[in-house]
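Heads up: the structure comes next, in structure tokens.
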Amino acid sequence: MTEPVRGRWGRFGGQYVPETLMAVLRELEEAYERYKADPDFLAEFEYYLRQYVGRPSPLYRADRLSERVGCTVYLKREDLNHTGAHKINNCIGQALLAKRMGKTRLIAETGAGQHGVATATVAALFGLTGVVYMGEEDIRRQELNCYRMQLLGTQVIPVTSGSRTLKDAINEAIRDWMTNVENTFYLFGTVCGPYPYPLIVRDFQAVIGRESRAQCLEQEGRLPTHLFACVGGGSNAMGLFYPFLEDEGVELHGVEAGGLGLATGKHAAPLHAGTFGILHGAAQYMMQDGDGQVLETHSVSAGLDYPGVGPEHCFLRDTGRAHYHVATDQEALEAFQVLSRLEGIVPALESAHAVAVVLRMAGEFPPDAIVIINLSGRGDKDVMEVRRLLEAQSQPLEVAP
Ligand SMILES: *Cc1c(COP(=O)(O)O)cnc(C)c1O
């Protein structure tokens with residue numbers, strides 16, 4: 001049930017791209033098929049994950065959070081990775097693939113800036129030219145990440161079209177790719193885009209689930225009962241879920257960005273409020289109006305502010321294998337503070353959405369449940385934005401008793 005057939009998971013996925021890109025996608029698919037089972041390639045990937053990223057990331061038993069929730073809760077600490085989130089796993093893999101394919105230039109798009117930073121990082125690491133497209137609105141929200149990319153030697157190109165966020169940056173990056181296919185590798189940041197990207201990104205991120213599985217067996221002597229992860233494009237969630245897909249006793253829960261609430265239309269929850277369509281080269285649930293125009297999305301977290309969602313998630317939703325929830329901006333802000341105070345861990349606002357749903361479900365889990373929350377990133381990048389938002393709500397931090 002889990003592997004795509006001719007580039008599709010059910011009716012989702014595929015390759016809806018201009019003709020000029022079909023040959024490039026075929027080249028990528030062939031290269032990936034060849035290297036994904038190549039022992040030298042895999043050994044090099046594992047080497048960099050261990051020595052450079054700092055893997056394996058801990059599976060941390062969060063005791064005070066567990067007490068609050070009413071069962072055992074673990075945090076998969078992707079926030080401790082070099083560069084502060086899960087995105088580096090995928091970037092190392094794709095950069096190694098680019099090198100094997102003889103490409104010298106990496107291009108990418110970025111929303112929160114995390115994927116841009118991870119791309120700029122591997123460009124520096126492997127001596128490749130880096131170019132990152134970033135919406136002007138996201139540059140404003142994530143100024144520090146933007147400067148960090150430049151510091152790493154990557155050129156950041158501001159995108160001023162549309163809503164000046166991630167979806168517009170992707171369009172520009174695809175345009176660049178079409179004109180520079182000879183030497184350029186498009187490093188896609190999540191499990192979206194035309195096939196084979198959803199497969200490649202999932203496989204490189206599946207290290208999260210493989211480690212979690214082994215760590216839970218070692219620490220608890222059994223598999224977890226519930227997995228939770230936030231869903232933007234869906235890569236950290238797919239990476240966690242994938243190695244558990246065949247384990248029927250393990251519930252899979254994804255959390256979309258509810259923004260100001262589903263009823264307001266200001267959210268980024270295509271699995272809840274989207275319709276079937278084509279976005280960035282793939283069929284999926286997406287936010288569009290009656291004329292097929294892509295709708296502007298809203299989320300407090302730039303990394304979840306995306307109108308589409310990976311084809312495999314769409315398939316897992318329709319088959320009922322995975323369950324999806326929404327958490328609003330407000331719930332994420334609250335979870336951000338709760339986790340900071342209960343565990344001394346400041347999560348990324350994206351990850352706070354997953355924490356929020358587990359907090360909301362407190363008391364509903366069987367006492368012997370083992371919940372794993374994927375802490376996809378750390379919150380340093382969000383501290384100033386959270387402060388601004390809380391002060392605007394005249395909710396400055398109370399001093400803890
Ligand atoms: C980018 C990002 C996300 C969302 O992307 P996915 O592909 O859905 O994982 C989530 N958390 C963090 C910390 C991110 O940087």
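Naming scheme: A, B, ... for chains in displayed order of the structure tokens; residues 1 onward per chain; ligands 1 onward as shown.
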
Please identify the residues whose atoms come within 8 Å of ligand 1, using only C-alpha atoms and all ligand atoms, and report them as a PyMOL selection string.
chain A and resi 79+84-87+111-115+189-191+230-238+302-304+309+348-351+375-379

Please extract the residues of region 90-181 of chain A with a backbone DSSP assignment of alpha helix (DSSP H) and present them as a PyMOL selection string.
chain A and resi 90-100+114-126+136-141+143-151+166-179

Selection to disk with N, CA and C atoms, as a compact mmCIF listing (two decimals), in the first residue's frame:
# COMPACT_ATOMS: atom_id res chain seq x y z
N ASN A 90 17.56 15.80 4.54
CA ASN A 90 17.22 15.75 3.12
C ASN A 90 18.26 16.49 2.27
N CYS A 91 18.75 17.62 2.79
CA CYS A 91 19.71 18.41 2.01
C CYS A 91 21.03 17.68 1.82
N ILE A 92 21.49 17.00 2.86
CA ILE A 92 22.72 16.21 2.71
C ILE A 92 22.51 15.16 1.63
N GLY A 93 21.40 14.45 1.69
CA GLY A 93 21.12 13.40 0.71
C GLY A 93 21.07 13.94 -0.72
N GLN A 94 20.32 15.01 -0.92
CA GLN A 94 20.19 15.54 -2.28
C GLN A 94 21.49 16.17 -2.79
N ALA A 95 22.26 16.79 -1.90
CA ALA A 95 23.54 17.39 -2.34
C ALA A 95 24.50 16.28 -2.77
N LEU A 96 24.50 15.16 -2.05
CA LEU A 96 25.36 14.04 -2.44
C LEU A 96 24.91 13.47 -3.79
N LEU A 97 23.61 13.45 -3.99
CA LEU A 97 23.06 12.98 -5.27
C LEU A 97 23.48 13.95 -6.40
N ALA A 98 23.38 15.25 -6.13
CA ALA A 98 23.76 16.27 -7.12
C ALA A 98 25.23 16.09 -7.53
N LYS A 99 26.06 15.88 -6.53
CA LYS A 99 27.49 15.68 -6.82
C LYS A 99 27.72 14.47 -7.71
N ARG A 100 27.03 13.36 -7.36
CA ARG A 100 27.17 12.14 -8.17
C ARG A 100 26.70 12.37 -9.60
N GLN A 114 14.44 27.94 6.90
CA GLN A 114 15.15 26.75 7.40
C GLN A 114 15.69 25.91 6.24
N HIS A 115 14.88 25.70 5.21
CA HIS A 115 15.36 24.92 4.08
C HIS A 115 16.45 25.67 3.33
N GLY A 116 16.32 26.99 3.26
CA GLY A 116 17.36 27.81 2.64
C GLY A 116 18.68 27.69 3.39
N VAL A 117 18.60 27.76 4.70
CA VAL A 117 19.81 27.65 5.51
C VAL A 117 20.42 26.25 5.35
N ALA A 118 19.58 25.24 5.35
CA ALA A 118 20.09 23.88 5.19
C ALA A 118 20.73 23.71 3.80
N THR A 119 20.12 24.30 2.78
CA THR A 119 20.68 24.23 1.43
C THR A 119 22.00 25.00 1.34
N ALA A 120 22.02 26.22 1.90
CA ALA A 120 23.24 27.02 1.90
C ALA A 120 24.36 26.29 2.65
N THR A 121 23.96 25.58 3.69
CA THR A 121 24.93 24.84 4.48
C THR A 121 25.58 23.73 3.67
N VAL A 122 24.76 22.94 2.96
CA VAL A 122 25.36 21.83 2.20
C VAL A 122 26.08 22.35 0.95
N ALA A 123 25.66 23.50 0.42
CA ALA A 123 26.40 24.10 -0.71
C ALA A 123 27.81 24.43 -0.24
N ALA A 124 27.92 25.04 0.94
CA ALA A 124 29.24 25.35 1.49
C ALA A 124 30.02 24.07 1.77
N LEU A 125 29.35 23.13 2.42
CA LEU A 125 30.01 21.88 2.82
C LEU A 125 30.62 21.14 1.64
N PHE A 126 29.88 21.13 0.52
CA PHE A 126 30.36 20.33 -0.63
C PHE A 126 30.95 21.21 -1.75
N GLU A 136 9.59 38.00 -0.28
CA GLU A 136 9.93 39.20 0.50
C GLU A 136 9.27 39.21 1.88
N GLU A 137 8.04 38.69 1.93
CA GLU A 137 7.32 38.64 3.20
C GLU A 137 8.05 37.70 4.18
N ASP A 138 8.53 36.59 3.65
CA ASP A 138 9.27 35.64 4.50
C ASP A 138 10.62 36.21 4.91
N ILE A 139 11.24 37.00 4.02
CA ILE A 139 12.52 37.64 4.37
C ILE A 139 12.31 38.55 5.58
N ARG A 140 11.15 39.26 5.56
CA ARG A 140 10.85 40.14 6.69
C ARG A 140 10.69 39.33 7.99
N ARG A 141 9.92 38.20 7.85
CA ARG A 141 9.64 37.41 9.05
C ARG A 141 10.88 36.65 9.55
N GLU A 143 14.40 37.39 8.98
CA GLU A 143 15.55 38.16 8.58
C GLU A 143 16.88 37.48 8.92
N LEU A 144 16.92 36.90 10.09
CA LEU A 144 18.18 36.32 10.58
C LEU A 144 18.60 35.14 9.70
N ASN A 145 17.63 34.29 9.35
CA ASN A 145 17.94 33.15 8.48
C ASN A 145 18.43 33.62 7.12
N CYS A 146 17.87 34.71 6.64
CA CYS A 146 18.27 35.26 5.35
C CYS A 146 19.74 35.68 5.40
N TYR A 147 20.11 36.39 6.44
CA TYR A 147 21.50 36.82 6.59
C TYR A 147 22.42 35.62 6.77
N ARG A 148 21.93 34.62 7.48
CA ARG A 148 22.72 33.41 7.72
C ARG A 148 23.08 32.73 6.38
N MET A 149 22.13 32.68 5.46
CA MET A 149 22.39 32.08 4.14
C MET A 149 23.48 32.84 3.42
N GLN A 150 23.41 34.18 3.48
CA GLN A 150 24.42 35.00 2.80
C GLN A 150 25.79 34.78 3.43
N LEU A 151 25.79 34.67 4.74
CA LEU A 151 27.03 34.39 5.46
C LEU A 151 27.65 33.07 5.00
N LEU A 166 6.29 31.35 0.23
CA LEU A 166 6.91 30.14 -0.30
C LEU A 166 6.42 29.72 -1.68
N LYS A 167 5.10 29.77 -1.93
CA LYS A 167 4.62 29.25 -3.22
C LYS A 167 5.16 30.06 -4.39
N ASP A 168 5.34 31.36 -4.17
CA ASP A 168 5.88 32.21 -5.23
C ASP A 168 7.37 31.94 -5.43
N ALA A 169 8.06 31.69 -4.33
CA ALA A 169 9.48 31.37 -4.41
C ALA A 169 9.70 30.07 -5.18
N ILE A 170 8.79 29.09 -4.99
CA ILE A 170 8.91 27.83 -5.73
C ILE A 170 8.76 28.07 -7.23
N ASN A 171 7.79 28.90 -7.62
CA ASN A 171 7.61 29.20 -9.04
C ASN A 171 8.88 29.78 -9.65
N GLU A 172 9.52 30.72 -8.95
CA GLU A 172 10.75 31.33 -9.46
C GLU A 172 11.88 30.31 -9.56
N ALA A 173 11.98 29.45 -8.57
CA ALA A 173 13.05 28.45 -8.58
C ALA A 173 12.86 27.49 -9.76
N ILE A 174 11.61 27.13 -10.04
CA ILE A 174 11.34 26.23 -11.17
C ILE A 174 11.74 26.91 -12.49
N ARG A 175 11.46 28.22 -12.60
CA ARG A 175 11.85 28.98 -13.79
C ARG A 175 13.38 28.95 -13.98
N ASP A 176 14.11 29.18 -12.90
CA ASP A 176 15.58 29.14 -12.94
C ASP A 176 16.05 27.76 -13.40
N TRP A 177 15.45 26.72 -12.84
CA TRP A 177 15.84 25.34 -13.15
C TRP A 177 15.69 25.07 -14.65
N MET A 178 14.56 25.53 -15.20
CA MET A 178 14.30 25.27 -16.62
C MET A 178 15.35 25.90 -17.52
N THR A 179 15.91 27.05 -17.10
CA THR A 179 16.90 27.71 -17.96
C THR A 179 18.31 27.21 -17.70

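Comparing A:Thr319, A:Ser299, A:Ser57, A:Gln142 by their smallest distance to Leu75 (chain A), the closest is A:Ser57 (using only C-alpha atoms).
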
By how many Å are CA of Arg6 (chain A) and CA of Gly320 (chain A) apart?
22.1 Å

Which residue, A:Ile88, A:Leu152, A:Val358, A:Leu389, has the smallest gap to Val53 (chain A) when you use only C-alpha atoms?
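The shortest atom-to-atom distance to Val53 (chain A) comes from A:Ile88.
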
When you count only C-alpha atoms, which of these residues is closest to Ala263 (chain A): A:Val326, A:His353, A:Arg202, A:Glu391?
A:Val326

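Note that the spacing between CA of Pro307 (chain A) and CA of Pro347 (chain A) amounts to 23.0 Å.
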
How close does region 34-153 of chain A get to region 340-344 of chain A? List, as a Markdown table, each residue of region 34-153 of chain A within 9 Å, its nearest atom pair and the distance in Å to one decimal, counting only C-alpha atoms.
| residue | atom | partner | partner_atom | distance |
| --- | --- | --- | --- | --- |
| A:Ala62 | CA | A:Glu343 | CA | 6.8 |
| A:Asp63 | CA | A:Glu343 | CA | 8.2 |
| A:Arg64 | CA | A:Leu342 | CA | 5.9 |
| A:Leu65 | CA | A:Leu342 | CA | 6.3 |

Could you pull out the residues in region 133-232 of chain A that DSSP calls strand (DSSP E) from the backbone, as a PDB file with N, CA and C atoms, in the first residue's frame?
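After the write, selection26.pdb holds the following:
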ATOM      1  N   TYR A 133      15.789  31.148  -3.504  1.00  0.00           N
ATOM      2  CA  TYR A 133      14.674  32.075  -3.740  1.00  0.00           C
ATOM      3  C   TYR A 133      13.834  32.169  -2.474  1.00  0.00           C
ATOM      4  N   MET A 134      13.522  33.405  -2.087  1.00  0.00           N
ATOM      5  CA  MET A 134      12.777  33.612  -0.839  1.00  0.00           C
ATOM      6  C   MET A 134      11.805  34.774  -1.017  1.00  0.00           C
ATOM      7  N   GLY A 135      10.543  34.555  -0.631  1.00  0.00           N
ATOM      8  CA  GLY A 135       9.538  35.617  -0.730  1.00  0.00           C
ATOM      9  C   GLY A 135       9.903  36.788   0.170  1.00  0.00           C
ATOM     10  N   GLN A 155      23.625  32.992  -2.548  1.00  0.00           N
ATOM     11  CA  GLN A 155      22.940  34.185  -3.026  1.00  0.00           C
ATOM     12  C   GLN A 155      21.442  34.045  -2.724  1.00  0.00           C
ATOM     13  N   VAL A 156      20.860  35.015  -2.028  1.00  0.00           N
ATOM     14  CA  VAL A 156      19.420  34.998  -1.747  1.00  0.00           C
ATOM     15  C   VAL A 156      18.724  35.944  -2.716  1.00  0.00           C
ATOM     16  N   ILE A 157      17.783  35.414  -3.497  1.00  0.00           N
ATOM     17  CA  ILE A 157      17.051  36.241  -4.459  1.00  0.00           C
ATOM     18  C   ILE A 157      15.642  36.496  -3.927  1.00  0.00           C
ATOM     19  N   PRO A 158      15.319  37.768  -3.616  1.00  0.00           N
ATOM     20  CA  PRO A 158      13.984  38.076  -3.081  1.00  0.00           C
ATOM     21  C   PRO A 158      12.914  37.916  -4.164  1.00  0.00           C
ATOM     22  N   VAL A 159      11.775  37.324  -3.784  1.00  0.00           N
ATOM     23  CA  VAL A 159      10.673  37.129  -4.726  1.00  0.00           C
ATOM     24  C   VAL A 159       9.551  38.089  -4.354  1.00  0.00           C
ATOM     25  N   THR A 184      22.573  22.606 -13.074  1.00  0.00           N
ATOM     26  CA  THR A 184      21.828  22.961 -11.864  1.00  0.00           C
ATOM     27  C   THR A 184      20.993  21.812 -11.312  1.00  0.00           C
ATOM     28  N   PHE A 185      21.049  21.642 -10.011  1.00  0.00           N
ATOM     29  CA  PHE A 185      20.227  20.647  -9.308  1.00  0.00           C
ATOM     30  C   PHE A 185      19.214  21.410  -8.460  1.00  0.00           C
ATOM     31  N   TYR A 186      17.944  21.083  -8.615  1.00  0.00           N
ATOM     32  CA  TYR A 186      16.902  21.715  -7.823  1.00  0.00           C
ATOM     33  C   TYR A 186      16.731  20.913  -6.541  1.00  0.00           C
ATOM     34  N   HIS A 226       1.293   6.052  19.373  1.00  0.00           N
ATOM     35  CA  HIS A 226       0.837   7.232  18.634  1.00  0.00           C
ATOM     36  C   HIS A 226       2.036   8.067  18.178  1.00  0.00           C
ATOM     37  N   LEU A 227       2.023   8.474  16.925  1.00  0.00           N
ATOM     38  CA  LEU A 227       3.036   9.410  16.423  1.00  0.00           C
ATOM     39  C   LEU A 227       2.352  10.725  16.054  1.00  0.00           C
ATOM     40  N   PHE A 228       2.967  11.824  16.409  1.00  0.00           N
ATOM     41  CA  PHE A 228       2.443  13.145  16.053  1.00  0.00           C
ATOM     42  C   PHE A 228       3.521  13.975  15.368  1.00  0.00           C
ATOM     43  N   ALA A 229       3.151  14.645  14.294  1.00  0.00           N
ATOM     44  CA  ALA A 229       4.088  15.551  13.621  1.00  0.00           C
ATOM     45  C   ALA A 229       3.294  16.648  12.928  1.00  0.00           C
ATOM     46  N   CYS A 230       3.885  17.844  12.847  1.00  0.00           N
ATOM     47  CA  CYS A 230       3.238  18.915  12.102  1.00  0.00           C
ATOM     48  C   CYS A 230       3.401  18.647  10.606  1.00  0.00           C
TER      49      CYS A 230
END

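You can rank A:Thr165, A:Met101, A:Thr110, A:Glu182 by their closest distance to Thr20 (chain A) using only C-alpha atoms, and at the top of that list sits A:Glu182.
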
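From CA of Val294 (chain A) back to CA of Arg321 (chain A), the distance works out to 27.6 Å.
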
Looking at only C-alpha atoms, which of A:Gln330, A:Tyr74, A:His323, A:Ala354 is the one that sits closest to Arg213 (chain A)?
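Counting only C-alpha atoms, the residue closest to Arg213 (chain A) is A:Tyr74.
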
Might you pull out every residue within 8 Å of Ala282 (chain A), with only C-alpha atoms counted and same-chain residues fewer than 6 positions away left off, and present them as a list of chain:residue names?
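The filter keeps A:Phe12, A:Gly13, A:Gly14, A:Gln15, A:Tyr16, A:Cys192, A:Gly193, A:Pro194, A:Tyr195, A:Pro311.
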